[in-house]
Structure formats: C-alpha cells, structure tokens
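> I'd like to ask you about the structure that follows.
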Amino acid sequence: MDRQAYTQLEQQTTPKTPLALNLLKAFVTGGIICAIGQGIMYFYMYFFDFTERTAGNPTVATMIFIAMLLTGFGKYKRIAQFGGAGSAVPVTGFGNAMISAAIEHRTEGYVLGVGGNMFKLAGSVIVFGVFSAFVVALIKTILVKFGVVGW
C-alpha cells in the first residue's frame with residue numbers, strides 16, 4: 001500500500017471530531033469553574049473583609065483545594081472528560097494534576113511515592129512561574145531605571 005492510499009484509508013476510518021461541540025463544552029466548563037471562583041472571592045470579601053486585591057490568594061488556594069478533593073473522590077475526572085481543556089486551563093487543573101500524580105504513586109510509599117511524584121508537574125510550574133516573575137521584574141526595573149516608564 002502506497003502513502004496516498006494509506007492516507008485516504010486513514011481519513012475514511014478516523015472518526016470525525018465534533019470541534020464546535022468540544023469548544024462549547026470547554027467554554028462552558030471553564031466558565032462555570034471561573035464563576036465558582038468569583039463566588040468564592042466574593043465570599044472572602046463579604047465575610048472576611050478582604051479587598052478585591054487581597055481576596056485573590058485565598059480564592060486560588062480554595063479552588064486548588066476543592067479540585068484536589070474532587071480528584072481524590074474521583075469526581076474531577078468526569079468533569080475533565082466532559083469539559084476537556086475547560087477544566088485543565090483554570091488553576092483547578094493544577095490541583096488536579098498534582099494530586100493525580102500523588103494518587104498514582106501512593107503504592108510506592110508516602111515519601112518516595114507520593115512526595116517524590118506529586119511535584120513532578122508542580123515543581124516545573126512553580127519554577128517557571130518564579131523565573132517568569134524574575135524576568136518581568138528585571139525588565140521593569142531596567143525600564144524604570146532608564147526612565148523609559150515612570151512608576
């Protein structure tokens with residue numbers, strides 16, 4: 001079978017992806033997750049006297065904690081199967097990825113299994129975040145020092 005015949009056979013047998021439906025499901029799932037996050041932020045602002053600026057950190061921590069709980073109880077997987085990237089892009093996807101690695105390697109023990117593998121993804125994300133913040137702060141400092149921008 002030549003290359004052209006194989007490509008034609010592949011196109012005939014590969015199921016069509018419902019792109020528009022997948023985009024809609026991801027959009028709705030991500031939107032619901034973000035709306036829940038906004039509700040939690042308002043909760044912190046109303047009941048604990050946080051400002052809009054300071055309520056972000058406990059909101060992110062709460063959303064990650066909720067995602068970890070849902071992953072531990074096996075519910076986040078169903079959300080992810082329905083919403084695809086809509087559940088992976090918000091910060092809840094970070095919590096899900098962290099706890100999934102820990103659950104997967106729990107038979108290897110708490111230190112080497114859970115502790116060693118939980119931060120495989122999280123470690124690289126944290127390092128990238130810290131490095132990116134350093135680069136942005138360095139650029140800002142240089143621009144302010146040379147008077148390009150006034151801060």
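Convention: chains lettered A, B, ... in structure tokens order; per-chain residue numbering from 1; ligands numbered from 1 as shown.
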Among the residues of chain A, find those DSSP assigns to alpha helix (DSSP H) from the backbone and print them as a CSV table (one decimal) with N, CA, C and O atoms, in the first residue's frame.


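selection18.csv was written with the following content:
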chain,number,residue,atom,x,y,z
A,3,ARG,N,1.7,5.5,0.1
A,3,ARG,CA,1.4,6.5,1.1
A,3,ARG,C,0.1,7.2,0.8
A,3,ARG,O,-0.7,7.5,1.8
A,4,GLN,N,-0.3,7.4,-0.4
A,4,GLN,CA,-1.5,8.1,-0.7
A,4,GLN,C,-2.7,7.3,-0.4
A,4,GLN,O,-3.7,7.7,0.2
A,5,ALA,N,-2.6,6.0,-0.7
A,5,ALA,CA,-3.7,5.1,-0.4
A,5,ALA,C,-3.9,4.9,1.2
A,5,ALA,O,-5.0,4.9,1.7
A,6,TYR,N,-2.8,4.9,1.9
A,6,TYR,CA,-2.8,4.8,3.3
A,6,TYR,C,-3.5,6.0,3.9
A,6,TYR,O,-4.3,6.0,4.8
A,7,THR,N,-3.1,7.2,3.4
A,7,THR,CA,-3.7,8.5,3.9
A,7,THR,C,-5.2,8.5,3.7
A,7,THR,O,-6.0,8.9,4.5
A,8,GLN,N,-5.6,8.0,2.5
A,8,GLN,CA,-7.1,8.0,2.2
A,8,GLN,C,-7.8,7.0,3.1
A,8,GLN,O,-8.9,7.4,3.6
A,9,LEU,N,-7.2,5.9,3.3
A,9,LEU,CA,-7.8,4.9,4.2
A,9,LEU,C,-7.9,5.4,5.7
A,9,LEU,O,-8.9,5.3,6.3
A,10,GLU,N,-6.9,6.1,6.1
A,10,GLU,CA,-6.9,6.7,7.4
A,10,GLU,C,-8.0,7.8,7.6
A,10,GLU,O,-8.7,7.8,8.6
A,11,GLN,N,-8.2,8.6,6.6
A,11,GLN,CA,-9.2,9.6,6.6
A,11,GLN,C,-10.6,9.0,6.6
A,11,GLN,O,-11.5,9.6,7.2
A,12,GLN,N,-10.8,7.9,6.0
A,12,GLN,CA,-12.1,7.2,5.9
A,12,GLN,C,-12.4,6.6,7.3
A,12,GLN,O,-13.6,6.5,7.7
A,13,THR,N,-11.4,6.0,7.9
A,13,THR,CA,-11.7,5.3,9.2
A,13,THR,C,-11.6,6.1,10.4
A,13,THR,O,-12.1,5.7,11.5
A,19,LEU,N,-15.7,19.4,16.7
A,19,LEU,CA,-14.9,20.5,17.1
A,19,LEU,C,-15.8,21.6,17.8
A,19,LEU,O,-15.5,22.1,18.9
A,20,ALA,N,-16.9,22.0,17.2
A,20,ALA,CA,-17.7,23.1,17.7
A,20,ALA,C,-18.3,22.6,19.1
A,20,ALA,O,-18.3,23.4,20.0
A,21,LEU,N,-18.8,21.4,19.2
A,21,LEU,CA,-19.3,20.9,20.5
A,21,LEU,C,-18.2,20.9,21.5
A,21,LEU,O,-18.5,21.3,22.7
A,22,ASN,N,-17.0,20.4,21.2
A,22,ASN,CA,-15.9,20.4,22.2
A,22,ASN,C,-15.6,21.8,22.6
A,22,ASN,O,-15.3,22.0,23.8
A,23,LEU,N,-15.5,22.7,21.7
A,23,LEU,CA,-15.2,24.1,22.1
A,23,LEU,C,-16.3,24.6,23.0
A,23,LEU,O,-16.0,25.3,24.0
A,24,LEU,N,-17.5,24.4,22.7
A,24,LEU,CA,-18.6,24.9,23.6
A,24,LEU,C,-18.6,24.2,25.0
A,24,LEU,O,-18.7,24.9,26.0
A,25,LYS,N,-18.3,22.9,25.0
A,25,LYS,CA,-18.2,22.3,26.3
A,25,LYS,C,-17.0,22.8,27.2
A,25,LYS,O,-17.2,23.0,28.4
A,26,ALA,N,-15.9,23.0,26.5
A,26,ALA,CA,-14.8,23.6,27.2
A,26,ALA,C,-15.0,25.0,27.7
A,26,ALA,O,-14.7,25.4,28.8
A,27,PHE,N,-15.7,25.8,26.9
A,27,PHE,CA,-16.0,27.2,27.2
A,27,PHE,C,-17.0,27.2,28.4
A,27,PHE,O,-16.8,28.0,29.4
A,28,VAL,N,-18.0,26.4,28.4
A,28,VAL,CA,-19.0,26.3,29.5
A,28,VAL,C,-18.3,25.8,30.8
A,28,VAL,O,-18.5,26.4,31.9
A,29,THR,N,-17.6,24.7,30.7
A,29,THR,CA,-16.9,24.2,31.9
A,29,THR,C,-16.0,25.2,32.5
A,29,THR,O,-16.0,25.4,33.7
A,30,GLY,N,-15.1,25.8,31.7
A,30,GLY,CA,-14.2,26.8,32.2
A,30,GLY,C,-14.9,28.0,32.8
A,30,GLY,O,-14.5,28.5,33.8
A,31,GLY,N,-16.0,28.4,32.2
A,31,GLY,CA,-16.8,29.5,32.7
A,31,GLY,C,-17.5,29.2,34.0
A,31,GLY,O,-17.5,30.0,34.9
A,32,ILE,N,-18.0,28.0,34.2
A,32,ILE,CA,-18.6,27.6,35.4
A,32,ILE,C,-17.5,27.5,36.5
A,32,ILE,O,-17.7,28.0,37.7
A,33,ILE,N,-16.3,27.0,36.2
A,33,ILE,CA,-15.3,27.0,37.2
A,33,ILE,C,-14.9,28.4,37.6
A,33,ILE,O,-14.7,28.7,38.8
A,34,CYS,N,-14.8,29.3,36.7
A,34,CYS,CA,-14.4,30.7,37.0
A,34,CYS,C,-15.5,31.4,37.7
A,34,CYS,O,-15.2,32.2,38.6
A,35,ALA,N,-16.8,31.1,37.4
A,35,ALA,CA,-17.9,31.7,38.2
A,35,ALA,C,-17.9,31.2,39.6
A,35,ALA,O,-18.2,32.0,40.5
A,36,ILE,N,-17.6,29.9,39.8
A,36,ILE,CA,-17.4,29.4,41.2
A,36,ILE,C,-16.3,30.2,41.9
A,36,ILE,O,-16.4,30.6,43.1
A,37,GLY,N,-15.2,30.3,41.2
A,37,GLY,CA,-14.1,31.1,41.8
A,37,GLY,C,-14.4,32.5,42.2
A,37,GLY,O,-14.1,33.0,43.2
A,38,GLN,N,-15.2,33.1,41.3
A,38,GLN,CA,-15.7,34.5,41.6
A,38,GLN,C,-16.6,34.5,42.8
A,38,GLN,O,-16.5,35.4,43.6
A,39,GLY,N,-17.4,33.5,42.9
A,39,GLY,CA,-18.3,33.4,44.1
A,39,GLY,C,-17.5,33.2,45.4
A,39,GLY,O,-17.8,33.9,46.4
A,40,ILE,N,-16.5,32.4,45.3
A,40,ILE,CA,-15.6,32.2,46.5
A,40,ILE,C,-14.9,33.5,46.8
A,40,ILE,O,-14.8,33.9,48.0
A,41,MET,N,-14.5,34.3,45.8
A,41,MET,CA,-13.8,35.6,46.0
A,41,MET,C,-14.8,36.5,46.7
A,41,MET,O,-14.4,37.2,47.7
A,42,TYR,N,-16.0,36.6,46.3
A,42,TYR,CA,-17.0,37.5,46.9
A,42,TYR,C,-17.3,37.0,48.3
A,42,TYR,O,-17.5,37.8,49.2
A,43,PHE,N,-17.2,35.7,48.6
A,43,PHE,CA,-17.4,35.2,49.9
A,43,PHE,C,-16.3,35.7,50.9
A,43,PHE,O,-16.6,36.2,52.0
A,44,TYR,N,-15.1,35.6,50.4
A,44,TYR,CA,-14.0,36.1,51.2
A,44,TYR,C,-14.1,37.7,51.4
A,44,TYR,O,-13.8,38.2,52.5
A,45,MET,N,-14.5,38.4,50.4
A,45,MET,CA,-14.6,39.8,50.5
A,45,MET,C,-15.8,40.2,51.5
A,45,MET,O,-15.6,41.1,52.3
A,46,TYR,N,-16.9,39.5,51.5
A,46,TYR,CA,-18.1,39.8,52.3
A,46,TYR,C,-17.9,39.4,53.7
A,46,TYR,O,-18.2,40.2,54.7
A,47,PHE,N,-17.5,38.2,54.0
A,47,PHE,CA,-17.4,37.6,55.3
A,47,PHE,C,-16.1,37.9,56.1
A,47,PHE,O,-16.1,37.8,57.3
A,56,GLY,N,-7.7,37.5,46.2
A,56,GLY,CA,-7.2,36.5,45.2
A,56,GLY,C,-6.5,35.3,45.7
A,56,GLY,O,-6.7,34.2,45.3
A,57,ASN,N,-5.6,35.6,46.6
A,57,ASN,CA,-4.7,34.5,47.1
A,57,ASN,C,-5.5,33.4,47.8
A,57,ASN,O,-5.4,32.2,47.5
A,58,PRO,N,-6.4,33.7,48.8
A,58,PRO,CA,-7.2,32.7,49.4
A,58,PRO,C,-8.2,32.0,48.4
A,58,PRO,O,-8.5,30.8,48.6
A,59,THR,N,-8.6,32.8,47.4
A,59,THR,CA,-9.5,32.2,46.4
A,59,THR,C,-8.8,31.1,45.6
A,59,THR,O,-9.3,30.0,45.4
A,60,VAL,N,-7.6,31.4,45.2
A,60,VAL,CA,-6.8,30.4,44.4
A,60,VAL,C,-6.5,29.2,45.3
A,60,VAL,O,-6.7,28.1,44.8
A,61,ALA,N,-6.1,29.4,46.5
A,61,ALA,CA,-5.9,28.3,47.4
A,61,ALA,C,-7.1,27.4,47.6
A,61,ALA,O,-7.0,26.2,47.6
A,62,THR,N,-8.3,28.1,47.8
A,62,THR,CA,-9.5,27.3,47.9
A,62,THR,C,-9.9,26.5,46.7
A,62,THR,O,-10.3,25.4,46.8
A,63,MET,N,-9.7,27.1,45.5
A,63,MET,CA,-10.0,26.5,44.3
A,63,MET,C,-9.1,25.2,44.1
A,63,MET,O,-9.6,24.2,43.6
A,64,ILE,N,-7.9,25.4,44.4
A,64,ILE,CA,-6.9,24.3,44.3
A,64,ILE,C,-7.3,23.2,45.2
A,64,ILE,O,-7.3,22.0,44.9
A,65,PHE,N,-7.7,23.5,46.5
A,65,PHE,CA,-8.1,22.6,47.5
A,65,PHE,C,-9.4,21.8,47.0
A,65,PHE,O,-9.4,20.6,47.2
A,66,ILE,N,-10.3,22.5,46.5
A,66,ILE,CA,-11.6,21.9,46.0
A,66,ILE,C,-11.3,20.9,44.9
A,66,ILE,O,-11.8,19.8,44.9
A,67,ALA,N,-10.4,21.3,44.0
A,67,ALA,CA,-10.0,20.4,42.9
A,67,ALA,C,-9.3,19.2,43.4
A,67,ALA,O,-9.5,18.1,42.9
A,68,MET,N,-8.5,19.4,44.4
A,68,MET,CA,-7.8,18.2,45.0
A,68,MET,C,-8.8,17.2,45.6
A,68,MET,O,-8.7,16.0,45.5
A,69,LEU,N,-9.7,17.8,46.3
A,69,LEU,CA,-10.8,17.0,46.9
A,69,LEU,C,-11.6,16.2,45.9
A,69,LEU,O,-11.8,15.0,46.0
A,70,LEU,N,-12.0,16.9,44.9
A,70,LEU,CA,-12.8,16.3,43.8
A,70,LEU,C,-12.0,15.2,43.1
A,70,LEU,O,-12.5,14.2,42.7
A,71,THR,N,-10.7,15.5,42.9
A,71,THR,CA,-9.8,14.4,42.3
A,71,THR,C,-9.7,13.2,43.2
A,71,THR,O,-9.8,12.1,42.7
A,72,GLY,N,-9.5,13.5,44.5
A,72,GLY,CA,-9.4,12.4,45.4
A,72,GLY,C,-10.6,11.5,45.5
A,72,GLY,O,-10.6,10.3,45.7
A,76,TYR,N,-13.5,14.7,39.7
A,76,TYR,CA,-12.9,15.7,38.8
A,76,TYR,C,-12.6,15.1,37.4
A,76,TYR,O,-12.6,15.7,36.4
A,77,LYS,N,-12.4,13.8,37.4
A,77,LYS,CA,-12.1,13.1,36.1
A,77,LYS,C,-13.4,13.2,35.2
A,77,LYS,O,-13.2,13.4,34.0
A,78,ARG,N,-14.6,13.1,35.8
A,78,ARG,CA,-15.8,13.2,35.0
A,78,ARG,C,-15.9,14.6,34.5
A,78,ARG,O,-16.4,14.8,33.3
A,79,ILE,N,-15.6,15.6,35.3
A,79,ILE,CA,-15.6,17.0,34.8
A,79,ILE,C,-14.6,17.2,33.7
A,79,ILE,O,-15.0,17.8,32.7
A,80,ALA,N,-13.4,16.6,33.8
A,80,ALA,CA,-12.4,16.8,32.8
A,80,ALA,C,-12.8,16.1,31.5
A,80,ALA,O,-12.5,16.5,30.4
A,81,GLN,N,-13.4,14.9,31.6
A,81,GLN,CA,-13.8,14.2,30.4
A,81,GLN,C,-14.9,15.0,29.7
A,81,GLN,O,-14.9,14.9,28.4
A,82,PHE,N,-15.8,15.7,30.4
A,82,PHE,CA,-16.8,16.4,29.7
A,82,PHE,C,-16.2,17.7,29.2
A,82,PHE,O,-16.4,18.1,28.0
A,83,GLY,N,-15.5,18.5,30.0
A,83,GLY,CA,-15.0,19.8,29.6
A,83,GLY,C,-13.7,19.9,28.9
A,83,GLY,O,-13.4,21.0,28.4
A,85,ALA,N,-10.2,20.9,27.9
A,85,ALA,CA,-9.3,21.9,28.3
A,85,ALA,C,-10.0,23.0,29.2
A,85,ALA,O,-9.3,23.7,29.9
A,86,GLY,N,-11.3,23.0,29.2
A,86,GLY,CA,-12.0,24.0,30.0
A,86,GLY,C,-11.8,23.7,31.5
A,86,GLY,O,-11.9,24.6,32.3
A,87,SER,N,-11.5,22.4,31.8
A,87,SER,CA,-11.2,22.1,33.2
A,87,SER,C,-9.7,22.1,33.5
A,87,SER,O,-9.3,22.1,34.7
A,88,ALA,N,-8.9,22.0,32.5
A,88,ALA,CA,-7.4,21.9,32.7
A,88,ALA,C,-6.8,23.3,32.8
A,88,ALA,O,-5.7,23.5,33.4
A,91,VAL,N,-6.9,27.3,37.4
A,91,VAL,CA,-6.0,26.8,38.4
A,91,VAL,C,-6.4,25.5,39.0
A,91,VAL,O,-5.6,24.7,39.5
A,92,THR,N,-7.6,25.1,38.8
A,92,THR,CA,-8.1,23.8,39.3
A,92,THR,C,-7.4,22.6,38.6
A,92,THR,O,-7.2,21.6,39.1
A,93,GLY,N,-7.0,22.9,37.3
A,93,GLY,CA,-6.2,21.8,36.6
A,93,GLY,C,-4.9,21.6,37.2
A,93,GLY,O,-4.4,20.5,37.2
A,94,PHE,N,-4.3,22.6,37.8
A,94,PHE,CA,-3.0,22.5,38.5
A,94,PHE,C,-3.2,21.6,39.7
A,94,PHE,O,-2.4,20.6,40.0
A,95,GLY,N,-4.2,21.8,40.5
A,95,GLY,CA,-4.5,21.0,41.7
A,95,GLY,C,-4.8,19.5,41.3
A,95,GLY,O,-4.3,18.6,41.9
A,96,ASN,N,-5.6,19.4,40.2
A,96,ASN,CA,-5.9,18.0,39.8
A,96,ASN,C,-4.6,17.3,39.3
A,96,ASN,O,-4.4,16.1,39.7
A,97,ALA,N,-3.7,17.9,38.6
A,97,ALA,CA,-2.5,17.3,38.1
A,97,ALA,C,-1.6,16.9,39.3
A,97,ALA,O,-1.0,15.9,39.3
A,98,MET,N,-1.5,17.8,40.3
A,98,MET,CA,-0.7,17.5,41.4
A,98,MET,C,-1.2,16.3,42.2
A,98,MET,O,-0.4,15.4,42.5
A,99,ILE,N,-2.5,16.2,42.5
A,99,ILE,CA,-3.0,15.2,43.3
A,99,ILE,C,-3.1,13.9,42.5
A,99,ILE,O,-3.0,12.8,43.1
A,100,SER,N,-3.3,13.9,41.2
A,100,SER,CA,-3.4,12.7,40.4
A,100,SER,C,-2.0,12.0,40.4
A,100,SER,O,-2.0,10.8,40.5
A,101,ALA,N,-0.9,12.7,40.3
A,101,ALA,CA,0.4,12.1,40.4
A,101,ALA,C,0.6,11.4,41.8
A,101,ALA,O,1.2,10.4,41.9
A,102,ALA,N,0.1,12.1,42.8
A,102,ALA,CA,0.3,11.5,44.2
A,102,ALA,C,-0.5,10.3,44.3
A,102,ALA,O,-0.1,9.3,44.9
A,103,ILE,N,-1.8,10.3,43.8
A,103,ILE,CA,-2.6,9.1,43.9
A,103,ILE,C,-2.1,7.9,43.1
A,103,ILE,O,-2.1,6.8,43.6
A,104,GLU,N,-1.5,8.2,41.9
A,104,GLU,CA,-1.0,7.2,41.1
A,104,GLU,C,0.2,6.5,41.7
A,104,GLU,O,0.4,5.3,41.5
A,116,GLY,N,7.6,12.3,46.3
A,116,GLY,CA,8.5,12.4,45.2
A,116,GLY,C,7.8,12.7,43.8
A,116,GLY,O,8.4,13.3,43.0
A,117,ASN,N,6.6,12.1,43.7
A,117,ASN,CA,6.0,12.2,42.4
A,117,ASN,C,4.9,13.4,42.3
A,117,ASN,O,4.5,13.8,41.2
A,118,MET,N,4.5,13.8,43.5
A,118,MET,CA,3.5,14.9,43.5
A,118,MET,C,4.0,16.1,42.8
A,118,MET,O,3.2,16.9,42.2
A,119,PHE,N,5.2,16.4,43.0
A,119,PHE,CA,5.8,17.7,42.5
A,119,PHE,C,6.5,17.6,41.1
A,119,PHE,O,7.2,18.5,40.7
A,120,LYS,N,6.3,16.5,40.4
A,120,LYS,CA,6.8,16.3,39.1
A,120,LYS,C,6.3,17.4,38.2
A,120,LYS,O,7.1,18.2,37.6
A,121,LEU,N,5.0,17.6,38.1
A,121,LEU,CA,4.4,18.7,37.3
A,121,LEU,C,4.5,20.0,38.1
A,121,LEU,O,4.8,21.0,37.5
A,122,ALA,N,4.1,19.9,39.3
A,122,ALA,CA,4.0,21.2,40.1
A,122,ALA,C,5.3,21.9,40.2
A,122,ALA,O,5.4,23.1,40.2
A,123,GLY,N,6.4,21.1,40.4
A,123,GLY,CA,7.7,21.7,40.5
A,123,GLY,C,8.1,22.5,39.3
A,123,GLY,O,8.6,23.7,39.4
A,124,SER,N,7.9,22.0,38.1
A,124,SER,CA,8.2,22.7,36.9
A,124,SER,C,7.3,23.9,36.7
A,124,SER,O,7.8,25.0,36.3
A,125,VAL,N,6.1,23.9,37.1
A,125,VAL,CA,5.2,25.0,37.0
A,125,VAL,C,5.6,26.1,38.0
A,125,VAL,O,5.7,27.3,37.6
A,126,ILE,N,6.0,25.7,39.2
A,126,ILE,CA,6.4,26.7,40.2
A,126,ILE,C,7.7,27.4,39.7
A,126,ILE,O,7.9,28.6,39.8
A,127,VAL,N,8.7,26.6,39.2
A,127,VAL,CA,9.9,27.1,38.8
A,127,VAL,C,9.7,28.1,37.6
A,127,VAL,O,10.3,29.2,37.6
A,128,PHE,N,8.9,27.7,36.7
A,128,PHE,CA,8.6,28.5,35.5
A,128,PHE,C,7.9,29.9,36.0
A,128,PHE,O,8.3,30.9,35.5
A,129,GLY,N,7.0,29.8,36.9
A,129,GLY,CA,6.3,31.0,37.5
A,129,GLY,C,7.3,31.9,38.2
A,129,GLY,O,7.3,33.1,37.9
A,130,VAL,N,8.2,31.3,39.0
A,130,VAL,CA,9.2,32.2,39.7
A,130,VAL,C,10.1,32.8,38.7
A,130,VAL,O,10.5,34.0,38.8
A,131,PHE,N,10.6,32.0,37.8
A,131,PHE,CA,11.6,32.5,36.8
A,131,PHE,C,10.9,33.6,35.9
A,131,PHE,O,11.5,34.7,35.7
A,132,SER,N,9.7,33.4,35.5
A,132,SER,CA,9.0,34.4,34.7
A,132,SER,C,8.8,35.7,35.5
A,132,SER,O,9.0,36.8,34.9
A,133,ALA,N,8.4,35.6,36.8
A,133,ALA,CA,8.3,36.8,37.6
A,133,ALA,C,9.6,37.5,37.8
A,133,ALA,O,9.6,38.8,37.7
A,134,PHE,N,10.7,36.8,37.9
A,134,PHE,CA,12.0,37.4,38.0
A,134,PHE,C,12.3,38.2,36.7
A,134,PHE,O,12.8,39.3,36.8
A,135,VAL,N,12.1,37.6,35.6
A,135,VAL,CA,12.4,38.2,34.3
A,135,VAL,C,11.6,39.5,34.1
A,135,VAL,O,12.1,40.5,33.7
A,136,VAL,N,10.3,39.4,34.4
A,136,VAL,CA,9.4,40.6,34.3
A,136,VAL,C,9.8,41.7,35.2
A,136,VAL,O,9.9,42.9,34.9
A,137,ALA,N,10.2,41.3,36.5
A,137,ALA,CA,10.6,42.3,37.4
A,137,ALA,C,12.0,42.9,37.0
A,137,ALA,O,12.2,44.2,37.2
A,138,LEU,N,12.8,42.2,36.4
A,138,LEU,CA,14.1,42.7,35.9
A,138,LEU,C,13.9,43.7,34.8
A,138,LEU,O,14.5,44.7,34.8
A,139,ILE,N,13.0,43.3,33.8
A,139,ILE,CA,12.7,44.2,32.7
A,139,ILE,C,12.1,45.5,33.2
A,139,ILE,O,12.5,46.6,32.8
A,140,LYS,N,11.2,45.4,34.2
A,140,LYS,CA,10.5,46.6,34.8
A,140,LYS,C,11.6,47.5,35.5
A,140,LYS,O,11.6,48.7,35.3
A,141,THR,N,12.4,46.9,36.2
A,141,THR,CA,13.5,47.6,36.9
A,141,THR,C,14.4,48.4,35.9
A,141,THR,O,14.7,49.5,36.1
A,142,ILE,N,14.8,47.7,34.9
A,142,ILE,CA,15.6,48.3,33.9
A,142,ILE,C,14.9,49.5,33.2
A,142,ILE,O,15.4,50.6,33.0
A,143,LEU,N,13.6,49.3,32.8
A,143,LEU,CA,12.8,50.3,32.2
A,143,LEU,C,12.6,51.5,33.1
A,143,LEU,O,12.7,52.7,32.7
A,144,VAL,N,12.4,51.3,34.4
A,144,VAL,CA,12.2,52.4,35.3
A,144,VAL,C,13.5,53.1,35.6
A,144,VAL,O,13.6,54.3,35.6
A,145,LYS,N,14.6,52.4,35.7
A,145,LYS,CA,15.9,53.0,36.0
A,145,LYS,C,16.4,53.9,34.8
A,145,LYS,O,16.9,55.0,35.1

> Mind pulling up the distance from CA of Gly74 (chain A) to CA of Val114 (chain A)?

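CA of Gly74 (chain A) lies at a distance of 17.3 Å from CA of Val114 (chain A).
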
> Would you mind reading off the distance between CA of Lys75 (chain A) and CA of Thr14 (chain A), one decimal, in Å?

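Straight-line distance from CA of Lys75 (chain A) to CA of Thr14 (chain A) works out to 29.8 Å.
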